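Enquirer: Supplied structure: run31.cif, mmCIF, N, CA, C and O atoms.
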data_target
loop_
_atom_site.label_atom_id
_atom_site.label_comp_id
_atom_site.auth_asym_id
_atom_site.auth_seq_id
_atom_site.Cartn_x
_atom_site.Cartn_y
_atom_site.Cartn_z
N MET A 174 142.39 57.04 106.66
CA MET A 174 141.75 58.22 106.13
C MET A 174 141.30 57.92 104.70
O MET A 174 142.01 57.31 103.93
N THR A 175 140.12 58.33 104.36
CA THR A 175 139.58 58.15 103.03
C THR A 175 139.84 59.41 102.22
O THR A 175 139.50 60.50 102.66
N PHE A 176 140.40 59.23 101.05
CA PHE A 176 140.69 60.37 100.19
C PHE A 176 139.69 60.42 99.05
O PHE A 176 139.29 59.39 98.52
N SER A 177 139.29 61.59 98.67
CA SER A 177 138.41 61.78 97.53
C SER A 177 139.24 61.86 96.26
O SER A 177 140.39 62.32 96.30
N PRO A 178 138.68 61.43 95.14
CA PRO A 178 139.43 61.51 93.88
C PRO A 178 139.88 62.94 93.59
O PRO A 178 139.09 63.87 93.66
N GLY A 179 141.13 63.11 93.30
CA GLY A 179 141.68 64.40 92.94
C GLY A 179 141.94 65.34 94.11
O GLY A 179 142.38 66.45 93.91
N LEU A 180 141.69 64.90 95.33
CA LEU A 180 141.92 65.75 96.49
C LEU A 180 143.02 65.15 97.36
O LEU A 180 143.21 63.96 97.39
N ARG A 181 143.69 65.99 98.10
CA ARG A 181 144.76 65.53 98.97
C ARG A 181 144.24 65.07 100.33
O ARG A 181 144.89 64.34 101.03
N HIS A 182 143.07 65.57 100.72
CA HIS A 182 142.50 65.21 102.01
C HIS A 182 141.05 64.78 101.82
O HIS A 182 140.40 65.16 100.87
N SER A 183 140.57 64.03 102.77
CA SER A 183 139.17 63.62 102.70
C SER A 183 138.27 64.81 102.97
O SER A 183 138.65 65.74 103.68
N PRO A 184 137.06 64.80 102.42
CA PRO A 184 136.11 65.89 102.73
C PRO A 184 135.84 65.99 104.22
O PRO A 184 135.65 67.09 104.75
N HIS A 185 135.84 64.88 104.93
CA HIS A 185 135.62 64.92 106.37
C HIS A 185 136.72 65.74 107.06
O HIS A 185 136.43 66.55 107.94
N TYR A 186 137.95 65.55 106.65
CA TYR A 186 139.07 66.30 107.24
C TYR A 186 138.96 67.78 106.90
O TYR A 186 139.14 68.64 107.76
N VAL A 187 138.67 68.08 105.66
CA VAL A 187 138.66 69.46 105.19
C VAL A 187 137.48 70.25 105.77
O VAL A 187 137.60 71.43 106.06
N PHE A 188 136.33 69.59 105.95
CA PHE A 188 135.14 70.26 106.45
C PHE A 188 134.71 69.71 107.81
O PHE A 188 133.53 69.69 108.15
N HIS A 189 135.67 69.31 108.60
CA HIS A 189 135.41 68.69 109.90
C HIS A 189 134.57 69.57 110.82
O HIS A 189 133.69 69.08 111.53
N SER A 190 134.79 70.87 110.82
CA SER A 190 134.09 71.78 111.74
C SER A 190 132.80 72.35 111.18
O SER A 190 132.15 73.16 111.85
N ALA A 191 132.41 71.96 109.99
CA ALA A 191 131.24 72.56 109.35
C ALA A 191 129.97 72.41 110.18
O ALA A 191 129.20 73.36 110.31
N ILE A 192 129.73 71.25 110.75
CA ILE A 192 128.51 71.05 111.54
C ILE A 192 128.54 71.95 112.78
O ILE A 192 127.54 72.60 113.11
N HIS A 193 129.68 72.04 113.42
CA HIS A 193 129.81 72.94 114.57
C HIS A 193 129.58 74.39 114.14
O HIS A 193 128.94 75.17 114.86
N GLN A 194 130.09 74.77 113.00
CA GLN A 194 129.93 76.14 112.53
C GLN A 194 128.47 76.46 112.22
O GLN A 194 128.01 77.57 112.49
N ILE A 195 127.73 75.49 111.69
CA ILE A 195 126.30 75.71 111.45
C ILE A 195 125.59 75.90 112.79
O ILE A 195 124.70 76.75 112.92
N ARG A 196 125.99 75.14 113.79
CA ARG A 196 125.39 75.33 115.13
C ARG A 196 125.72 76.71 115.69
O ARG A 196 124.89 77.33 116.35
N GLU A 197 126.95 77.18 115.44
CA GLU A 197 127.31 78.55 115.87
C GLU A 197 126.42 79.58 115.18
O GLU A 197 125.98 80.55 115.81
N LEU A 198 126.18 79.37 113.90
CA LEU A 198 125.34 80.28 113.14
C LEU A 198 123.92 80.29 113.72
O LEU A 198 123.34 81.36 113.96
N GLU A 199 123.38 79.11 113.98
CA GLU A 199 122.04 79.02 114.58
C GLU A 199 122.00 79.68 115.96
O GLU A 199 121.00 80.31 116.31
N LEU A 200 123.06 79.53 116.71
CA LEU A 200 123.13 80.16 118.03
C LEU A 200 123.11 81.68 117.91
O LEU A 200 122.40 82.36 118.67
N SER A 201 123.85 82.21 116.97
CA SER A 201 123.83 83.66 116.73
C SER A 201 122.42 84.11 116.37
O SER A 201 121.95 85.15 116.86
N TRP A 202 121.75 83.35 115.52
CA TRP A 202 120.38 83.70 115.15
C TRP A 202 119.47 83.72 116.36
O TRP A 202 118.57 84.54 116.46
N SER A 203 119.69 82.79 117.29
CA SER A 203 118.81 82.70 118.46
C SER A 203 119.03 83.85 119.45
O SER A 203 118.14 84.18 120.21
N PHE A 204 120.23 84.44 119.45
CA PHE A 204 120.54 85.53 120.37
C PHE A 204 120.05 86.89 119.87
O PHE A 204 119.89 87.81 120.66
N ALA A 205 119.86 87.02 118.59
CA ALA A 205 119.46 88.30 118.02
C ALA A 205 118.23 88.09 117.13
O ALA A 205 117.91 86.97 116.77
N ASP A 206 117.60 89.16 116.81
CA ASP A 206 116.37 89.10 116.02
C ASP A 206 116.70 89.12 114.52
O ASP A 206 116.47 90.12 113.85
N PHE A 207 117.23 88.01 114.01
CA PHE A 207 117.57 87.91 112.59
C PHE A 207 116.30 87.67 111.78
O PHE A 207 115.52 86.77 112.10
N THR A 208 116.09 88.44 110.76
CA THR A 208 114.96 88.20 109.86
C THR A 208 115.26 86.95 109.04
O THR A 208 116.43 86.54 108.93
N PRO A 209 114.24 86.35 108.43
CA PRO A 209 114.52 85.21 107.55
C PRO A 209 115.50 85.56 106.43
O PRO A 209 116.35 84.75 106.08
N GLU A 210 115.40 86.78 105.91
CA GLU A 210 116.32 87.20 104.85
C GLU A 210 117.75 87.28 105.37
O GLU A 210 118.70 86.90 104.69
N ALA A 211 117.92 87.80 106.60
CA ALA A 211 119.25 87.91 107.20
C ALA A 211 119.82 86.52 107.49
O ALA A 211 121.02 86.29 107.33
N ARG A 212 118.97 85.60 107.90
CA ARG A 212 119.42 84.22 108.13
C ARG A 212 119.90 83.59 106.83
O ARG A 212 120.96 82.96 106.79
N ARG A 213 119.13 83.76 105.77
CA ARG A 213 119.54 83.21 104.47
C ARG A 213 120.85 83.83 104.01
O ARG A 213 121.75 83.13 103.52
N ALA A 214 120.97 85.15 104.15
CA ALA A 214 122.18 85.84 103.71
C ALA A 214 123.40 85.37 104.49
O ALA A 214 124.47 85.15 103.90
N SER A 215 123.26 85.19 105.80
CA SER A 215 124.41 84.76 106.60
C SER A 215 124.77 83.31 106.28
O SER A 215 125.95 82.96 106.21
N ALA A 216 123.77 82.46 106.03
CA ALA A 216 124.05 81.07 105.66
C ALA A 216 124.74 81.02 104.29
O ALA A 216 125.70 80.25 104.10
N ARG A 217 124.28 81.84 103.38
CA ARG A 217 124.93 81.89 102.05
C ARG A 217 126.37 82.40 102.16
O ARG A 217 127.24 81.94 101.44
N ARG A 218 126.59 83.35 103.05
CA ARG A 218 127.94 83.89 103.25
C ARG A 218 128.87 82.80 103.77
O ARG A 218 130.00 82.67 103.32
N VAL A 219 128.39 82.02 104.74
CA VAL A 219 129.21 80.92 105.27
C VAL A 219 129.52 79.93 104.15
O VAL A 219 130.67 79.50 103.99
N LEU A 220 128.51 79.56 103.36
CA LEU A 220 128.74 78.65 102.24
C LEU A 220 129.77 79.23 101.26
O LEU A 220 130.69 78.51 100.83
N HIS A 221 129.65 80.50 100.95
CA HIS A 221 130.61 81.15 100.05
C HIS A 221 132.03 81.09 100.62
O HIS A 221 132.99 80.79 99.91
N LEU A 222 132.16 81.37 101.91
CA LEU A 222 133.48 81.35 102.55
C LEU A 222 134.07 79.94 102.53
O LEU A 222 135.27 79.77 102.30
N TRP A 223 133.24 78.92 102.78
CA TRP A 223 133.72 77.53 102.69
C TRP A 223 134.20 77.22 101.29
O TRP A 223 135.26 76.65 101.09
N GLN A 224 133.40 77.60 100.30
CA GLN A 224 133.75 77.31 98.90
C GLN A 224 135.00 78.05 98.47
O GLN A 224 135.85 77.50 97.78
N HIS A 225 135.12 79.30 98.88
CA HIS A 225 136.28 80.12 98.50
C HIS A 225 137.56 79.57 99.12
O HIS A 225 138.60 79.51 98.45
N ALA A 226 137.49 79.17 100.39
CA ALA A 226 138.68 78.66 101.07
C ALA A 226 138.95 77.20 100.74
O ALA A 226 140.07 76.72 100.92
N GLY A 227 137.93 76.49 100.28
CA GLY A 227 138.09 75.07 100.02
C GLY A 227 138.11 74.24 101.30
O GLY A 227 138.48 73.07 101.29
N SER A 228 137.71 74.88 102.40
CA SER A 228 137.65 74.19 103.69
C SER A 228 136.76 74.99 104.62
O SER A 228 136.32 76.09 104.28
N ASP A 229 136.55 74.45 105.82
CA ASP A 229 135.71 75.17 106.78
C ASP A 229 136.45 76.30 107.50
O ASP A 229 135.85 77.10 108.19
N SER A 230 137.76 76.38 107.32
CA SER A 230 138.54 77.39 108.03
C SER A 230 138.21 78.81 107.59
O SER A 230 138.41 79.76 108.34
N GLY A 231 137.68 78.99 106.41
CA GLY A 231 137.40 80.32 105.89
C GLY A 231 136.27 81.04 106.59
O GLY A 231 136.17 82.26 106.51
N ALA A 232 135.40 80.32 107.29
CA ALA A 232 134.22 80.94 107.89
C ALA A 232 134.40 81.31 109.36
O ALA A 232 133.56 81.99 109.92
N GLY A 233 135.48 80.90 109.98
CA GLY A 233 135.67 81.11 111.41
C GLY A 233 135.60 82.56 111.84
O GLY A 233 134.87 82.90 112.78
N ASP A 234 136.33 83.44 111.17
CA ASP A 234 136.34 84.86 111.55
C ASP A 234 134.96 85.48 111.37
O ASP A 234 134.51 86.27 112.20
N TYR A 235 134.30 85.14 110.27
CA TYR A 235 132.95 85.67 110.01
C TYR A 235 131.99 85.24 111.11
O TYR A 235 131.23 86.06 111.62
N LEU A 236 132.02 83.97 111.48
CA LEU A 236 131.11 83.47 112.50
C LEU A 236 131.39 84.08 113.87
O LEU A 236 130.44 84.38 114.61
N ARG A 237 132.64 84.32 114.19
CA ARG A 237 132.98 84.98 115.45
C ARG A 237 132.44 86.41 115.46
O ARG A 237 131.85 86.87 116.44
N ALA A 238 132.61 87.12 114.36
CA ALA A 238 132.12 88.50 114.27
C ALA A 238 130.59 88.54 114.33
O ALA A 238 130.01 89.40 115.00
N LEU A 239 129.95 87.60 113.66
CA LEU A 239 128.49 87.55 113.69
C LEU A 239 128.00 87.23 115.10
O LEU A 239 127.03 87.83 115.58
N GLY A 240 128.67 86.33 115.78
CA GLY A 240 128.32 86.01 117.16
C GLY A 240 128.49 87.20 118.08
O GLY A 240 127.64 87.47 118.94
N ASP A 241 129.58 87.94 117.91
CA ASP A 241 129.80 89.15 118.72
C ASP A 241 128.70 90.18 118.45
O ASP A 241 128.20 90.81 119.39
N LEU A 242 128.34 90.33 117.21
CA LEU A 242 127.28 91.27 116.84
C LEU A 242 125.95 90.84 117.46
O LEU A 242 125.20 91.67 117.98
N ALA A 243 125.66 89.55 117.44
CA ALA A 243 124.40 89.04 117.99
C ALA A 243 124.31 89.26 119.49
O ALA A 243 123.21 89.37 120.03
N LEU A 244 125.45 89.32 120.16
CA LEU A 244 125.45 89.49 121.61
C LEU A 244 125.36 90.95 122.05
O LEU A 244 125.20 91.22 123.24
N LEU A 245 125.46 91.88 121.11
CA LEU A 245 125.32 93.29 121.47
C LEU A 245 123.91 93.55 122.00
O LEU A 245 122.94 93.02 121.46
N PRO A 246 123.79 94.37 123.04
CA PRO A 246 122.46 94.63 123.62
C PRO A 246 121.47 95.17 122.58
O PRO A 246 120.29 94.87 122.64
N THR A 247 121.93 95.94 121.62
CA THR A 247 121.02 96.51 120.62
C THR A 247 120.54 95.48 119.62
O THR A 247 119.57 95.73 118.90
N ALA A 248 121.19 94.32 119.55
CA ALA A 248 120.80 93.28 118.60
C ALA A 248 119.72 92.36 119.16
O ALA A 248 119.12 91.61 118.43
N ARG A 249 119.48 92.44 120.46
CA ARG A 249 118.51 91.55 121.09
C ARG A 249 117.10 92.12 120.98
O ARG A 249 116.90 93.33 121.09
N PRO A 250 116.13 91.23 120.80
CA PRO A 250 114.76 91.71 120.75
C PRO A 250 114.32 92.30 122.09
O PRO A 250 114.78 91.85 123.13
N THR A 251 113.51 93.31 122.04
CA THR A 251 113.03 93.92 123.29
C THR A 251 111.54 93.63 123.42
O THR A 251 110.75 94.00 122.58
N GLY A 252 111.19 92.98 124.52
CA GLY A 252 109.79 92.71 124.81
C GLY A 252 109.29 91.63 124.02
O GLY A 252 108.51 90.97 123.77
#
Translate the structure described by the file into structure tokens.

Expert:
Amino acid sequence: MTFSPGLRHSPHYVFHSAIHQIRELELSWSFADFTPEARRASARRVLHLWQHAGSDSGAGDYLRALGDLALLPTARPTG
């Protein structure tokens, strides 16, 4: 394992799920009619949660809730 200076774990270990979480975010966007502004806001929120937690674990609940919201029938584009 490669350690970063001043950190106990490597960035790869700490942010291992980040790429998967970005794909989850994109999937949520594809299921619902997110405006460009809403996409930017949700991406910024995920970044904030990663930074606040110091790992990718902080964004999991948010992404699950966003995915659930995107799957609601009222969130899908009509026609």

Enquirer: Atom CA of A:Phe207 and atom CA of A:Trp223 are how many Å apart?

Expert: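 Straight-line distance from atom CA of A:Phe207 to atom CA of A:Trp223 works out to 21.6 Å.
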
Enquirer: Between atom CA of A:Gly227 and atom O of A:Arg196, measure the distance and give it in Å to one decimal.

Expert: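 Separation between atom CA of A:Gly227 and atom O of A:Arg196: 21.1 Å.
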
Enquirer: Kindly indicate which residue among A:Ser190, A:Ile195, A:Glu210, A:Ala205 lies nearest to A:Ser230, using all atoms listed in the file for the distances.

Expert: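 Checking each of A:Ser190, A:Ile195, A:Glu210, A:Ala205 against A:Ser230, counting all atoms listed in the file, the winner is A:Ser190.
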
Enquirer: Please report the interatomic distance between atom C of A:Ala216 and atom CA of A:Leu198 in Å with one decimal.

Expert: 8.9 Å

Enquirer: Box for stretch 189-200 of chain A - axis-aligned, 4 Å on each of the six sides, all listed atoms - centre and size in Å to one decimal, as AutoDock Vina command-line options.

Expert:
--center_x 128.3 --center_y 75.5 --center_z 113.6 --size_x 22.7 --size_y 21.7 --size_z 18.1

Enquirer: Have a look at A:Gln194, A:Gln224, A:Leu244, A:Leu239 and name the one nearest to A:Ala211; count only C-alpha atoms.

Expert: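 The answer is A:Leu239, which sits nearest to A:Ala211.
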
Enquirer: Applying 8 Å and all atoms listed in the file, which residues near stretch 232-237 of chain A remain after dropping the ones on its own chain fewer than 4 positions away? List them as a PDB file with N, CA, C and O atoms, in the coordinates of the input.

Expert:
ATOM      1  N   GLN A 194     130.090  74.770 113.000  1.00  0.00           N
ATOM      2  CA  GLN A 194     129.930  76.140 112.530  1.00  0.00           C
ATOM      3  C   GLN A 194     128.470  76.460 112.220  1.00  0.00           C
ATOM      4  O   GLN A 194     128.010  77.570 112.490  1.00  0.00           O
ATOM      5  N   GLU A 197     126.950  77.180 115.440  1.00  0.00           N
ATOM      6  CA  GLU A 197     127.310  78.550 115.870  1.00  0.00           C
ATOM      7  C   GLU A 197     126.420  79.580 115.180  1.00  0.00           C
ATOM      8  O   GLU A 197     125.980  80.550 115.810  1.00  0.00           O
ATOM      9  N   LEU A 198     126.180  79.370 113.900  1.00  0.00           N
ATOM     10  CA  LEU A 198     125.340  80.280 113.140  1.00  0.00           C
ATOM     11  C   LEU A 198     123.920  80.290 113.720  1.00  0.00           C
ATOM     12  O   LEU A 198     123.340  81.360 113.960  1.00  0.00           O
ATOM     13  N   SER A 201     123.850  82.210 116.970  1.00  0.00           N
ATOM     14  CA  SER A 201     123.830  83.660 116.730  1.00  0.00           C
ATOM     15  C   SER A 201     122.420  84.110 116.370  1.00  0.00           C
ATOM     16  O   SER A 201     121.950  85.150 116.860  1.00  0.00           O
ATOM     17  N   ARG A 218     126.590  83.350 103.050  1.00  0.00           N
ATOM     18  CA  ARG A 218     127.940  83.890 103.250  1.00  0.00           C
ATOM     19  C   ARG A 218     128.870  82.800 103.770  1.00  0.00           C
ATOM     20  O   ARG A 218     130.000  82.670 103.320  1.00  0.00           O
ATOM     21  N   VAL A 219     128.390  82.020 104.740  1.00  0.00           N
ATOM     22  CA  VAL A 219     129.210  80.920 105.270  1.00  0.00           C
ATOM     23  C   VAL A 219     129.520  79.930 104.150  1.00  0.00           C
ATOM     24  O   VAL A 219     130.670  79.500 103.990  1.00  0.00           O
ATOM     25  N   LEU A 220     128.510  79.560 103.360  1.00  0.00           N
ATOM     26  CA  LEU A 220     128.740  78.650 102.240  1.00  0.00           C
ATOM     27  C   LEU A 220     129.770  79.230 101.260  1.00  0.00           C
ATOM     28  O   LEU A 220     130.690  78.510 100.830  1.00  0.00           O
ATOM     29  N   HIS A 221     129.650  80.500 100.950  1.00  0.00           N
ATOM     30  CA  HIS A 221     130.610  81.150 100.050  1.00  0.00           C
ATOM     31  C   HIS A 221     132.030  81.090 100.620  1.00  0.00           C
ATOM     32  O   HIS A 221     132.990  80.790  99.910  1.00  0.00           O
ATOM     33  N   LEU A 222     132.160  81.370 101.910  1.00  0.00           N
ATOM     34  CA  LEU A 222     133.480  81.350 102.550  1.00  0.00           C
ATOM     35  C   LEU A 222     134.070  79.940 102.530  1.00  0.00           C
ATOM     36  O   LEU A 222     135.270  79.770 102.300  1.00  0.00           O
ATOM     37  N   TRP A 223     133.240  78.920 102.780  1.00  0.00           N
ATOM     38  CA  TRP A 223     133.720  77.530 102.690  1.00  0.00           C
ATOM     39  C   TRP A 223     134.200  77.220 101.290  1.00  0.00           C
ATOM     40  O   TRP A 223     135.260  76.650 101.090  1.00  0.00           O
ATOM     41  N   GLN A 224     133.400  77.600 100.300  1.00  0.00           N
ATOM     42  CA  GLN A 224     133.750  77.310  98.900  1.00  0.00           C
ATOM     43  C   GLN A 224     135.000  78.050  98.470  1.00  0.00           C
ATOM     44  O   GLN A 224     135.850  77.500  97.780  1.00  0.00           O
ATOM     45  N   ALA A 226     137.490  79.170 100.390  1.00  0.00           N
ATOM     46  CA  ALA A 226     138.680  78.660 101.070  1.00  0.00           C
ATOM     47  C   ALA A 226     138.950  77.200 100.740  1.00  0.00           C
ATOM     48  O   ALA A 226     140.070  76.720 100.920  1.00  0.00           O
ATOM     49  N   SER A 228     137.710  74.880 102.400  1.00  0.00           N
ATOM     50  CA  SER A 228     137.650  74.190 103.690  1.00  0.00           C
ATOM     51  C   SER A 228     136.760  74.990 104.620  1.00  0.00           C
ATOM     52  O   SER A 228     136.320  76.090 104.280  1.00  0.00           O
ATOM     53  N   ASP A 241     129.580  87.940 117.910  1.00  0.00           N
ATOM     54  CA  ASP A 241     129.800  89.150 118.720  1.00  0.00           C
ATOM     55  C   ASP A 241     128.700  90.180 118.450  1.00  0.00           C
ATOM     56  O   ASP A 241     128.200  90.810 119.390  1.00  0.00           O
ATOM     57  N   LEU A 242     128.340  90.330 117.210  1.00  0.00           N
ATOM     58  CA  LEU A 242     127.280  91.270 116.840  1.00  0.00           C
ATOM     59  C   LEU A 242     125.950  90.840 117.460  1.00  0.00           C
ATOM     60  O   LEU A 242     125.200  91.670 117.980  1.00  0.00           O
ATOM     61  N   ALA A 243     125.660  89.550 117.440  1.00  0.00           N
ATOM     62  CA  ALA A 243     124.400  89.040 117.990  1.00  0.00           C
ATOM     63  C   ALA A 243     124.310  89.260 119.490  1.00  0.00           C
ATOM     64  O   ALA A 243     123.210  89.370 120.030  1.00  0.00           O
ATOM     65  N   LEU A 244     125.450  89.320 120.160  1.00  0.00           N
ATOM     66  CA  LEU A 244     125.450  89.490 121.610  1.00  0.00           C
ATOM     67  C   LEU A 244     125.360  90.950 122.050  1.00  0.00           C
ATOM     68  O   LEU A 244     125.200  91.220 123.240  1.00  0.00           O
TER      69      LEU A 244
END

Enquirer: Which residue, A:Asp206, A:Glu199, A:Ile192, A:Arg212, has the smallest gap to A:Thr247 when you use only N, CA, C and O atoms?

Expert: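 That would be A:Asp206, the residue with the smallest distance to A:Thr247.
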
Enquirer: Would you fill the gaps in stretch 227-237 of chain A so it has all heavy atoms, then print it as a short mmCIF file (atom, residue, chain, number, x, y, z; two decimals), keeping the file's coordinate frame?

Expert:
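And here's rebuild_38.cif as it stands now:
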data_model
loop_
_atom_site.label_atom_id
_atom_site.label_comp_id
_atom_site.auth_asym_id
_atom_site.auth_seq_id
_atom_site.Cartn_x
_atom_site.Cartn_y
_atom_site.Cartn_z
N GLY A 227 137.93 76.49 100.28
CA GLY A 227 138.09 75.07 100.02
C GLY A 227 138.11 74.24 101.30
O GLY A 227 138.48 73.07 101.29
N SER A 228 137.71 74.88 102.40
CA SER A 228 137.65 74.19 103.69
C SER A 228 136.76 74.99 104.62
O SER A 228 136.32 76.09 104.28
CB SER A 228 139.05 74.06 104.31
OG SER A 228 139.50 75.30 104.79
N ASP A 229 136.55 74.45 105.82
CA ASP A 229 135.71 75.17 106.78
C ASP A 229 136.45 76.30 107.50
O ASP A 229 135.85 77.10 108.19
CB ASP A 229 135.10 74.20 107.79
CG ASP A 229 136.14 73.41 108.55
OD1 ASP A 229 137.32 73.80 108.57
OD2 ASP A 229 135.78 72.37 109.12
N SER A 230 137.76 76.38 107.32
CA SER A 230 138.54 77.39 108.03
C SER A 230 138.21 78.81 107.59
O SER A 230 138.41 79.76 108.34
CB SER A 230 140.03 77.14 107.86
OG SER A 230 140.40 77.28 106.50
N GLY A 231 137.68 78.99 106.41
CA GLY A 231 137.40 80.32 105.89
C GLY A 231 136.27 81.04 106.59
O GLY A 231 136.17 82.26 106.51
N ALA A 232 135.40 80.32 107.29
CA ALA A 232 134.22 80.94 107.89
C ALA A 232 134.40 81.31 109.36
O ALA A 232 133.56 81.99 109.92
CB ALA A 232 133.02 80.01 107.75
N GLY A 233 135.48 80.90 109.98
CA GLY A 233 135.67 81.11 111.41
C GLY A 233 135.60 82.56 111.84
O GLY A 233 134.87 82.90 112.78
N ASP A 234 136.33 83.44 111.17
CA ASP A 234 136.34 84.86 111.55
C ASP A 234 134.96 85.48 111.37
O ASP A 234 134.51 86.27 112.20
CB ASP A 234 137.37 85.63 110.74
CG ASP A 234 138.80 85.30 111.12
OD1 ASP A 234 139.01 84.76 112.24
OD2 ASP A 234 139.70 85.56 110.31
N TYR A 235 134.30 85.14 110.27
CA TYR A 235 132.95 85.67 110.01
C TYR A 235 131.99 85.24 111.11
O TYR A 235 131.23 86.06 111.62
CB TYR A 235 132.46 85.20 108.65
CG TYR A 235 131.03 85.58 108.37
CD1 TYR A 235 130.69 86.89 108.03
CD2 TYR A 235 130.00 84.65 108.44
CE1 TYR A 235 129.37 87.25 107.80
CE2 TYR A 235 128.68 85.00 108.21
CZ TYR A 235 128.38 86.30 107.88
OH TYR A 235 127.08 86.66 107.64
N LEU A 236 132.02 83.97 111.48
CA LEU A 236 131.11 83.47 112.50
C LEU A 236 131.39 84.08 113.87
O LEU A 236 130.44 84.38 114.61
CB LEU A 236 131.17 81.95 112.56
CG LEU A 236 130.53 81.26 111.37
CD1 LEU A 236 130.91 79.78 111.34
CD2 LEU A 236 129.03 81.43 111.36
N ARG A 237 132.64 84.32 114.19
CA ARG A 237 132.98 84.98 115.45
C ARG A 237 132.44 86.41 115.46
O ARG A 237 131.85 86.87 116.44
CB ARG A 237 134.48 84.97 115.70
CG ARG A 237 134.97 83.68 116.34
CD ARG A 237 136.43 83.73 116.71
NE ARG A 237 137.32 83.74 115.55
CZ ARG A 237 137.60 82.66 114.82
NH1 ARG A 237 137.06 81.51 115.12
NH2 ARG A 237 138.42 82.73 113.80
#
